[in-house]
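Data file: target_39.cif. Format and content: mmCIF, C-alpha atoms.
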```cif
data_coords
loop_
_atom_site.label_atom_id
_atom_site.label_comp_id
_atom_site.auth_asym_id
_atom_site.auth_seq_id
_atom_site.Cartn_x
_atom_site.Cartn_y
_atom_site.Cartn_z
CA ASP A 1 19.26 -42.17 -46.96
CA THR A 2 20.16 -45.88 -46.98
CA GLY A 3 22.23 -45.73 -43.80
CA VAL A 4 25.50 -46.26 -45.67
CA SER A 5 27.80 -43.23 -45.68
CA GLN A 6 30.85 -42.48 -47.80
CA ASN A 7 33.49 -39.80 -47.50
CA PRO A 8 34.54 -37.71 -49.21
CA ARG A 9 31.71 -37.23 -51.70
CA HIS A 10 34.03 -35.68 -54.25
CA LYS A 11 37.78 -35.89 -54.70
CA ILE A 12 39.88 -34.14 -57.30
CA THR A 13 43.49 -35.20 -57.46
CA LYS A 14 46.45 -34.93 -59.77
CA ARG A 15 47.77 -37.91 -61.62
CA GLY A 16 50.29 -39.79 -59.56
CA GLN A 17 48.85 -38.84 -56.18
CA ASN A 18 47.41 -41.33 -53.67
CA VAL A 19 43.80 -41.13 -52.54
CA THR A 20 41.79 -42.89 -49.84
CA PHE A 21 38.03 -43.26 -49.55
CA ARG A 22 36.04 -44.34 -46.54
CA CYS A 23 32.78 -46.28 -46.27
CA ASP A 24 30.68 -46.68 -43.11
CA PRO A 25 28.18 -49.50 -43.62
CA ILE A 26 24.96 -50.17 -41.75
CA SER A 27 26.16 -51.23 -38.31
CA GLU A 28 24.61 -54.69 -38.16
CA HIS A 29 25.75 -55.70 -41.66
CA ASN A 30 28.85 -57.89 -41.74
CA ARG A 31 29.20 -57.98 -45.54
CA LEU A 32 30.54 -55.03 -47.50
CA TYR A 33 31.15 -54.52 -51.21
CA TRP A 34 33.01 -51.94 -53.29
CA TYR A 35 31.98 -51.15 -56.86
CA ARG A 36 33.27 -48.75 -59.49
CA GLN A 37 30.97 -46.93 -61.89
CA THR A 38 32.31 -45.13 -64.94
CA LEU A 39 30.30 -42.69 -67.03
CA GLY A 40 27.47 -44.35 -68.91
CA GLN A 41 28.04 -47.74 -67.31
CA GLY A 42 26.55 -49.79 -64.54
CA PRO A 43 28.56 -50.41 -61.38
CA GLU A 44 31.25 -53.11 -61.58
CA PHE A 45 32.31 -55.22 -58.64
CA LEU A 46 35.72 -54.50 -57.13
CA THR A 47 36.00 -56.34 -53.82
CA TYR A 48 34.07 -58.01 -51.00
CA PHE A 49 34.53 -58.22 -47.24
CA GLN A 50 32.89 -60.48 -44.75
CA ASN A 51 33.66 -58.94 -41.39
CA GLU A 52 37.36 -58.01 -41.59
CA ALA A 53 38.28 -60.65 -44.17
CA GLN A 54 38.66 -59.64 -47.81
CA LEU A 55 37.25 -62.72 -49.52
CA GLU A 56 36.92 -61.71 -53.16
CA LYS A 57 38.73 -59.34 -55.49
CA SER A 58 37.95 -58.50 -59.09
CA ARG A 59 40.58 -58.46 -61.81
CA LEU A 60 39.68 -54.76 -62.09
CA LEU A 61 41.47 -54.26 -58.79
CA SER A 62 45.04 -53.66 -59.93
CA ASP A 63 48.06 -53.69 -57.64
CA ARG A 64 47.61 -49.95 -57.14
CA PHE A 65 44.34 -50.57 -55.32
CA SER A 66 44.09 -51.79 -51.76
CA ALA A 67 41.11 -52.15 -49.47
CA GLU A 68 40.82 -52.80 -45.77
CA ARG A 69 38.11 -53.29 -43.21
CA PRO A 70 39.73 -53.23 -39.78
CA LYS A 71 37.67 -54.83 -37.03
CA GLY A 72 34.87 -55.48 -39.50
CA SER A 73 33.46 -51.98 -39.21
CA PHE A 74 34.23 -49.19 -41.68
CA SER A 75 36.21 -49.87 -44.84
CA THR A 76 38.80 -47.88 -46.78
CA LEU A 77 39.75 -48.07 -50.43
CA GLU A 78 43.13 -46.64 -51.38
CA ILE A 79 44.39 -45.95 -54.87
CA GLN A 80 48.11 -45.34 -55.24
CA ARG A 81 49.69 -43.43 -58.11
CA THR A 82 46.34 -42.46 -59.57
CA GLU A 83 45.83 -42.47 -63.33
CA GLN A 84 43.26 -40.65 -65.42
CA GLY A 85 41.53 -43.96 -66.06
CA ASP A 86 40.77 -44.18 -62.34
CA SER A 87 38.28 -41.32 -62.68
CA ALA A 88 34.94 -42.83 -61.70
CA MET A 89 32.31 -43.04 -59.00
CA TYR A 90 33.32 -45.47 -56.24
CA LEU A 91 30.35 -47.03 -54.52
CA CYS A 92 30.17 -48.96 -51.29
CA ALA A 93 27.32 -51.29 -50.37
CA SER A 94 26.46 -53.26 -47.27
CA THR A 95 24.25 -56.29 -47.39
CA GLY A 96 21.16 -57.38 -45.57
CA ALA A 97 19.58 -60.78 -46.06
CA TYR A 98 19.11 -60.40 -49.80
CA GLU A 99 19.56 -56.83 -51.00
CA GLN A 100 22.50 -54.45 -51.02
CA TYR A 101 22.22 -50.93 -49.66
CA PHE A 102 24.42 -48.43 -51.45
CA GLY A 103 26.11 -45.34 -50.15
CA PRO A 104 26.05 -42.04 -52.07
CA GLY A 105 29.44 -42.75 -53.62
CA THR A 106 32.73 -40.91 -53.92
CA ARG A 107 33.31 -39.27 -57.28
CA LEU A 108 37.02 -39.26 -58.14
CA THR A 109 38.40 -36.96 -60.81
CA VAL A 110 42.05 -37.41 -61.76
CA THR A 111 43.50 -34.45 -63.65
CA ALA B 1 28.85 -66.16 -65.09
CA GLN B 2 25.87 -63.84 -65.22
CA SER B 3 25.23 -60.97 -67.60
CA VAL B 4 22.52 -58.35 -67.98
CA THR B 5 21.40 -56.55 -71.11
CA GLN B 6 19.48 -53.30 -71.08
CA LEU B 7 18.98 -52.58 -74.75
CA ASP B 8 17.54 -49.08 -74.34
CA SER B 9 20.12 -46.56 -73.23
CA GLN B 10 17.53 -43.78 -73.10
CA VAL B 11 13.73 -43.75 -73.02
CA PRO B 12 11.96 -40.41 -73.49
CA VAL B 13 8.33 -40.29 -72.42
CA PHE B 14 5.69 -37.68 -71.64
CA GLU B 15 4.33 -37.21 -68.15
CA GLU B 16 1.38 -39.51 -67.30
CA ALA B 17 2.24 -41.88 -70.16
CA PRO B 18 3.07 -45.55 -69.51
CA VAL B 19 6.64 -46.78 -69.76
CA GLU B 20 8.50 -50.09 -70.00
CA LEU B 21 12.23 -50.46 -69.39
CA ARG B 22 13.57 -53.72 -70.72
CA CYS B 23 15.98 -56.07 -68.99
CA ASN B 24 17.21 -59.45 -70.16
CA TYR B 25 19.68 -61.60 -68.30
CA SER B 26 21.84 -64.65 -68.91
CA SER B 27 22.79 -67.19 -66.27
CA SER B 28 23.44 -70.92 -66.04
CA VAL B 29 22.19 -70.97 -62.45
CA SER B 30 19.14 -69.59 -60.67
CA VAL B 31 19.34 -65.91 -59.88
CA TYR B 32 17.76 -63.15 -57.88
CA LEU B 33 16.81 -60.03 -59.84
CA PHE B 34 16.81 -56.38 -58.83
CA TRP B 35 15.99 -52.95 -60.19
CA TYR B 36 17.88 -49.98 -58.78
CA VAL B 37 17.29 -46.28 -59.47
CA GLN B 38 20.03 -43.64 -59.48
CA TYR B 39 19.35 -39.91 -59.34
CA PRO B 40 22.10 -37.52 -60.50
CA ASN B 41 25.22 -37.59 -58.33
CA GLN B 42 23.70 -40.05 -55.92
CA GLY B 43 24.12 -43.71 -55.09
CA LEU B 44 21.75 -46.47 -56.07
CA GLN B 45 18.41 -47.02 -54.37
CA LEU B 46 16.68 -50.37 -54.47
CA LEU B 47 13.42 -50.09 -56.37
CA LEU B 48 12.23 -53.70 -56.25
CA LYS B 49 13.46 -57.26 -56.18
CA TYR B 50 12.45 -60.75 -57.25
CA LEU B 51 13.60 -63.57 -55.01
CA SER B 52 10.92 -66.24 -55.37
CA GLY B 53 7.17 -66.69 -55.40
CA SER B 54 4.89 -64.44 -57.42
CA THR B 55 6.59 -63.41 -60.64
CA LEU B 56 5.04 -59.93 -60.46
CA VAL B 57 6.69 -57.64 -57.92
CA GLU B 58 5.70 -54.10 -57.07
CA SER B 59 7.36 -51.05 -55.55
CA ILE B 60 5.77 -48.49 -53.27
CA ASN B 61 5.91 -45.75 -55.91
CA GLY B 62 3.91 -47.49 -58.64
CA PHE B 63 6.60 -49.41 -60.51
CA GLU B 64 6.23 -53.13 -61.14
CA ALA B 65 8.38 -55.79 -62.77
CA GLU B 66 7.60 -59.26 -64.01
CA PHE B 67 10.03 -62.15 -63.90
CA ASN B 68 9.76 -64.32 -67.01
CA LYS B 69 12.04 -67.34 -66.70
CA SER B 70 11.40 -68.69 -70.20
CA GLN B 71 12.32 -65.36 -71.78
CA THR B 72 14.99 -64.59 -69.15
CA SER B 73 13.52 -61.13 -68.72
CA PHE B 74 12.66 -58.80 -65.85
CA HIS B 75 11.09 -55.76 -67.50
CA LEU B 76 10.14 -52.72 -65.42
CA ARG B 77 6.84 -50.96 -66.01
CA LYS B 78 4.87 -48.02 -64.74
CA PRO B 79 1.38 -47.19 -66.00
CA SER B 80 1.73 -43.41 -65.51
CA VAL B 81 5.08 -41.66 -65.01
CA HIS B 82 5.84 -38.41 -63.22
CA ILE B 83 8.50 -35.81 -63.85
CA SER B 84 10.17 -36.99 -60.65
CA ASP B 85 10.73 -40.44 -62.17
CA THR B 86 13.45 -38.97 -64.37
CA ALA B 87 16.55 -40.94 -63.41
CA GLU B 88 18.86 -43.78 -64.45
CA TYR B 89 17.50 -47.27 -63.90
CA PHE B 90 19.74 -50.31 -63.50
CA CYS B 91 18.77 -53.95 -63.68
CA ALA B 92 20.99 -56.35 -61.72
CA VAL B 93 21.28 -60.05 -61.02
CA ARG B 94 23.11 -62.27 -58.56
CA LYS B 95 23.31 -65.98 -57.87
CA GLU B 96 20.75 -67.41 -55.48
CA ASN B 97 21.65 -68.50 -51.99
CA THR B 98 25.34 -67.79 -51.71
CA GLY B 99 27.23 -65.87 -49.07
CA PHE B 100 29.04 -63.96 -51.80
CA GLN B 101 26.36 -61.71 -53.27
CA LYS B 102 28.14 -59.89 -56.09
CA LEU B 103 25.68 -57.97 -58.22
CA VAL B 104 26.09 -57.89 -61.99
CA PHE B 105 24.55 -54.76 -63.49
CA GLY B 106 23.33 -53.77 -66.90
CA THR B 107 24.51 -50.56 -68.51
CA GLY B 108 21.42 -48.68 -67.39
CA THR B 109 18.47 -46.95 -69.02
CA ARG B 110 17.99 -43.22 -68.66
CA LEU B 111 14.30 -42.39 -68.28
CA LEU B 112 13.52 -38.84 -69.38
CA VAL B 113 10.04 -37.63 -68.46
CA SER B 114 8.93 -34.37 -70.02
CA PRO B 115 5.78 -32.30 -69.41
#
```

The structure in this file should be written as structure tokens.
Amino acid sequence: DTGVSQNPRHKITKRGQNVTFRCDPISEHNRLYWYRQTLGQGPEFLTYFQNEAQLEKSRLLSDRFSAERPKGSFSTLEIQRTEQGDSAMYLCASTGAYEQYFGPGTRLTVT
Amino acid sequence: AQSVTQLDSQVPVFEEAPVELRCNYSSSVSVYLFWYVQYPNQGLQLLLKYLSGSTLVESINGFEAEFNKSQTSFHLRKPSVHISDTAEYFCAVRKENTGFQKLVFGTGTRLLVSP
């Protein structure tokens, strides 16, 4: 257990529905990252928060994706109008001095 | 930009045999290097990291990796593997000394240890 939690662990949704994932980082960490991992690939960066500010976004993050981190605590990642190509593991990580600590991930399946 | 290459998608090995998982990286700036391990349906766990100093770094469970700047490599080794080492291993890099610490991962190597 790294101290980073994610909910839900699994989500099955129908194409076109909206989904929201939550990440609770290690409490003293002010930096938080979201990554997406598709089958057979390494994780790819999606977005970065320092406290409540979203400072970086990848081109992978289409307009259907939005992320928030109110009050610099937990973070949410929402996907609107899901597509089958959104099926993946969504990983959250919070950062210490040098290394990132990953949560267990949310596996999204879009049918 | 940084990139990571893990040429071996899968490495089968017998229990108690030695293993090496290869990682090569590309970067125009100095980087920090990491190995993460992922067990099925779980997140990533940090195995070891190279930040500076001795080029040979070790983990608590017998893995070691050596940073070779001239060959831009950070290969992972273990002299004797266990069944429980079966997992996916990811090599990752990020720029040194920046607030923004985006990790760039390789595609992973699946280590399969059989009795």

Which residues of chain B come within 12 Å of chain A, and what is each one's closest atom pair and distance in Å (one decimal), counting only C-alpha atoms, sorted by chain and residue number, as CSV?
```
residue,atom,partner,partner_atom,distance
B:Ser3,CA,A:Glu44,CA,11.6
B:Val4,CA,A:Gly42,CA,10.1
B:Thr5,CA,A:Gly42,CA,10.7
B:Gln6,CA,A:Gly42,CA,10.3
B:Ser9,CA,A:Gly40,CA,8.8
B:Gln10,CA,A:Gly40,CA,10.8
B:Val31,CA,A:Tyr98,CA,11.5
B:Tyr32,CA,A:Tyr98,CA,8.6
B:Leu33,CA,A:Glu99,CA,9.8
B:Phe34,CA,A:Glu99,CA,8.3
B:Trp35,CA,A:Glu99,CA,10.6
B:Tyr36,CA,A:Phe102,CA,9.9
B:Val37,CA,A:Phe102,CA,10.9
B:Gln38,CA,A:Pro104,CA,9.7
B:Tyr39,CA,A:Pro104,CA,10.1
B:Pro40,CA,A:Pro104,CA,10.3
B:Asn41,CA,A:Pro104,CA,7.7
B:Gln42,CA,A:Pro104,CA,4.9
B:Gly43,CA,A:Pro104,CA,4.0
B:Leu44,CA,A:Phe102,CA,5.7
B:Gln45,CA,A:Phe102,CA,6.8
B:Leu46,CA,A:Tyr101,CA,7.4
B:Leu47,CA,A:Glu99,CA,10.6
B:Leu48,CA,A:Glu99,CA,9.5
B:Lys49,CA,A:Glu99,CA,8.0
B:Tyr50,CA,A:Tyr98,CA,10.0
B:Leu51,CA,A:Tyr98,CA,8.2
B:Ser52,CA,A:Tyr98,CA,11.5
B:Glu88,CA,A:Gly40,CA,9.7
B:Tyr89,CA,A:Gly42,CA,9.4
B:Phe90,CA,A:Gly42,CA,6.9
B:Cys91,CA,A:Gly42,CA,8.9
B:Ala92,CA,A:Gly42,CA,9.0
B:Val93,CA,A:Glu99,CA,10.7
B:Arg94,CA,A:Tyr98,CA,9.8
B:Lys95,CA,A:Tyr98,CA,10.7
B:Glu96,CA,A:Tyr98,CA,9.2
B:Asn97,CA,A:Tyr98,CA,8.8
B:Thr98,CA,A:Tyr98,CA,9.9
B:Gly99,CA,A:Arg31,CA,8.9
B:Phe100,CA,A:Tyr48,CA,7.8
B:Gln101,CA,A:Tyr98,CA,8.1
B:Lys102,CA,A:Phe45,CA,6.8
B:Leu103,CA,A:Phe45,CA,7.2
B:Val104,CA,A:Glu44,CA,7.0
B:Phe105,CA,A:Gly42,CA,5.5
B:Gly106,CA,A:Gly42,CA,5.6
B:Thr107,CA,A:Gly42,CA,4.5
B:Gly108,CA,A:Gly42,CA,6.0
B:Thr109,CA,A:Gly40,CA,9.4
B:Arg110,CA,A:Gly40,CA,9.6
```

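Nearest residue to B:Tyr25, choosing from B:Pro12, B:Leu7, B:Ser73, B:Ser84 and counting only C-alpha atoms: B:Ser73.
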
Q | Pairwise distance for atom CA of A:Arg15 and atom CA of A:Gly85, rounded to one decimal in Å | A |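 The value is 9.8 Å.
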
Q: Take atom CA of A:Asn30 and atom CA of A:Glu78 and report the distance between them in Å, one decimal.
A: 20.6 Å

Q. Do you know which residues are at most 6 Å from stretch 19-26 of chain A counting all atoms listed in the file, after dropping those on the same chain fewer than 4 positions away, and could you put them as a list in words?
A. Gly3, Val4, Ser5, Gln6, Asn7, Phe74, Ser75, Thr76, Leu77, Glu78, Ile79 and Ser94 of chain A

Q: Would you translate the PyMOL selection byres ((chain B and resi 61-72) around 9) into the concrete set of residues it matches in this file, as an NGL selection string?
A: :B and (23-27 or 33 or 35 or 47-50 or 54-60 or 73-81)

Could those selected residues go to a file with C-alpha atoms, as a tab-separated table (two decimals), in the frame of the given file?
```tsv
chain	number	residue	atom	x	y	z
B	23	CYS	CA	15.98	-56.07	-68.99
B	24	ASN	CA	17.21	-59.45	-70.16
B	25	TYR	CA	19.68	-61.60	-68.30
B	26	SER	CA	21.84	-64.65	-68.91
B	27	SER	CA	22.79	-67.19	-66.27
B	33	LEU	CA	16.81	-60.03	-59.84
B	35	TRP	CA	15.99	-52.95	-60.19
B	47	LEU	CA	13.42	-50.09	-56.37
B	48	LEU	CA	12.23	-53.70	-56.25
B	49	LYS	CA	13.46	-57.26	-56.18
B	50	TYR	CA	12.45	-60.75	-57.25
B	54	SER	CA	4.89	-64.44	-57.42
B	55	THR	CA	6.59	-63.41	-60.64
B	56	LEU	CA	5.04	-59.93	-60.46
B	57	VAL	CA	6.69	-57.64	-57.92
B	58	GLU	CA	5.70	-54.10	-57.07
B	59	SER	CA	7.36	-51.05	-55.55
B	60	ILE	CA	5.77	-48.49	-53.27
B	73	SER	CA	13.52	-61.13	-68.72
B	74	PHE	CA	12.66	-58.80	-65.85
B	75	HIS	CA	11.09	-55.76	-67.50
B	76	LEU	CA	10.14	-52.72	-65.42
B	77	ARG	CA	6.84	-50.96	-66.01
B	78	LYS	CA	4.87	-48.02	-64.74
B	79	PRO	CA	1.38	-47.19	-66.00
B	80	SER	CA	1.73	-43.41	-65.51
B	81	VAL	CA	5.08	-41.66	-65.01
```

Q: Determine the residue membership of the PyMOL selection byres ((chain A and resi 52) around 8) for the file above and supply it as a PyMOL selection string.
A: chain A and resi 49-51+53-54+68-73

Q | Ground truth for the PyMOL selection byres ((chain A and resi 86) around 8), written as a ChimeraX atom specification | A | /A:82-85,87-88,108-110

Q: In the coordinates of the file, take the point (6.6, -29.8, -65.1) and a cut-off of 10 Å; then, counting all atoms listed in the file, name each qualifying protein, DNA or RNA residue as a list in words.
A: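 In the file's frame, the residues around the point are Glu15, His82, Ile83, Ser84, Val113, Ser114 and Pro115 of chain B.
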
Q. Which distance in Å separates atom CA of B:Val11 and atom CA of B:Leu111, to one decimal?
A. 5.0 Å

Take stretch 54-71 of chain B, bring it up to N, CA and C atoms, and give me the output as a PDB file, in the coordinates of the input.
```pdb
ATOM      1  N   SER B  54       5.606 -65.116 -56.346  1.00  0.00           N
ATOM      2  CA  SER B  54       4.890 -64.440 -57.420  1.00  0.00           C
ATOM      3  C   SER B  54       5.879 -63.758 -58.375  1.00  0.00           C
ATOM      4  N   THR B  55       5.657 -63.957 -59.660  1.00  0.00           N
ATOM      5  CA  THR B  55       6.590 -63.410 -60.640  1.00  0.00           C
ATOM      6  C   THR B  55       6.382 -61.911 -60.865  1.00  0.00           C
ATOM      7  N   LEU B  56       5.303 -61.366 -60.343  1.00  0.00           N
ATOM      8  CA  LEU B  56       5.040 -59.930 -60.460  1.00  0.00           C
ATOM      9  C   LEU B  56       5.365 -59.272 -59.118  1.00  0.00           C
ATOM     10  N   VAL B  57       6.305 -58.342 -59.148  1.00  0.00           N
ATOM     11  CA  VAL B  57       6.690 -57.640 -57.920  1.00  0.00           C
ATOM     12  C   VAL B  57       6.419 -56.160 -58.109  1.00  0.00           C
ATOM     13  N   GLU B  58       6.084 -55.504 -57.002  1.00  0.00           N
ATOM     14  CA  GLU B  58       5.700 -54.100 -57.070  1.00  0.00           C
ATOM     15  C   GLU B  58       6.520 -53.268 -56.094  1.00  0.00           C
ATOM     16  N   SER B  59       6.698 -51.984 -56.454  1.00  0.00           N
ATOM     17  CA  SER B  59       7.360 -51.050 -55.550  1.00  0.00           C
ATOM     18  C   SER B  59       6.310 -50.127 -54.940  1.00  0.00           C
ATOM     19  N   ILE B  60       6.724 -49.354 -53.959  1.00  0.00           N
ATOM     20  CA  ILE B  60       5.770 -48.490 -53.270  1.00  0.00           C
ATOM     21  C   ILE B  60       5.403 -47.273 -54.118  1.00  0.00           C
ATOM     22  N   ASN B  61       6.187 -46.961 -55.135  1.00  0.00           N
ATOM     23  CA  ASN B  61       5.910 -45.750 -55.910  1.00  0.00           C
ATOM     24  C   ASN B  61       5.350 -46.067 -57.294  1.00  0.00           C
ATOM     25  N   GLY B  62       4.669 -47.217 -57.427  1.00  0.00           N
ATOM     26  CA  GLY B  62       3.910 -47.490 -58.640  1.00  0.00           C
ATOM     27  C   GLY B  62       4.622 -48.277 -59.712  1.00  0.00           C
ATOM     28  N   PHE B  63       5.903 -48.571 -59.548  1.00  0.00           N
ATOM     29  CA  PHE B  63       6.600 -49.410 -60.510  1.00  0.00           C
ATOM     30  C   PHE B  63       6.297 -50.893 -60.241  1.00  0.00           C
ATOM     31  N   GLU B  64       6.354 -51.686 -61.283  1.00  0.00           N
ATOM     32  CA  GLU B  64       6.230 -53.130 -61.140  1.00  0.00           C
ATOM     33  C   GLU B  64       7.159 -53.802 -62.149  1.00  0.00           C
ATOM     34  N   ALA B  65       7.545 -55.025 -61.847  1.00  0.00           N
ATOM     35  CA  ALA B  65       8.380 -55.790 -62.770  1.00  0.00           C
ATOM     36  C   ALA B  65       7.907 -57.230 -62.746  1.00  0.00           C
ATOM     37  N   GLU B  66       8.031 -57.867 -63.886  1.00  0.00           N
ATOM     38  CA  GLU B  66       7.600 -59.260 -64.010  1.00  0.00           C
ATOM     39  C   GLU B  66       8.757 -60.143 -64.406  1.00  0.00           C
ATOM     40  N   PHE B  67       8.990 -61.172 -63.607  1.00  0.00           N
ATOM     41  CA  PHE B  67      10.030 -62.150 -63.900  1.00  0.00           C
ATOM     42  C   PHE B  67       9.478 -63.170 -64.889  1.00  0.00           C
ATOM     43  N   ASN B  68      10.159 -63.334 -66.011  1.00  0.00           N
ATOM     44  CA  ASN B  68       9.760 -64.320 -67.010  1.00  0.00           C
ATOM     45  C   ASN B  68      10.950 -65.238 -67.245  1.00  0.00           C
ATOM     46  N   LYS B  69      10.883 -66.418 -66.648  1.00  0.00           N
ATOM     47  CA  LYS B  69      12.040 -67.340 -66.700  1.00  0.00           C
ATOM     48  C   LYS B  69      12.284 -67.849 -68.117  1.00  0.00           C
ATOM     49  N   SER B  70      11.230 -68.120 -68.852  1.00  0.00           N
ATOM     50  CA  SER B  70      11.400 -68.690 -70.200  1.00  0.00           C
ATOM     51  C   SER B  70      12.045 -67.678 -71.143  1.00  0.00           C
ATOM     52  N   GLN B  71      11.742 -66.403 -70.942  1.00  0.00           N
ATOM     53  CA  GLN B  71      12.320 -65.360 -71.780  1.00  0.00           C
ATOM     54  C   GLN B  71      13.515 -64.689 -71.112  1.00  0.00           C
TER      55      GLN B  71
END
```
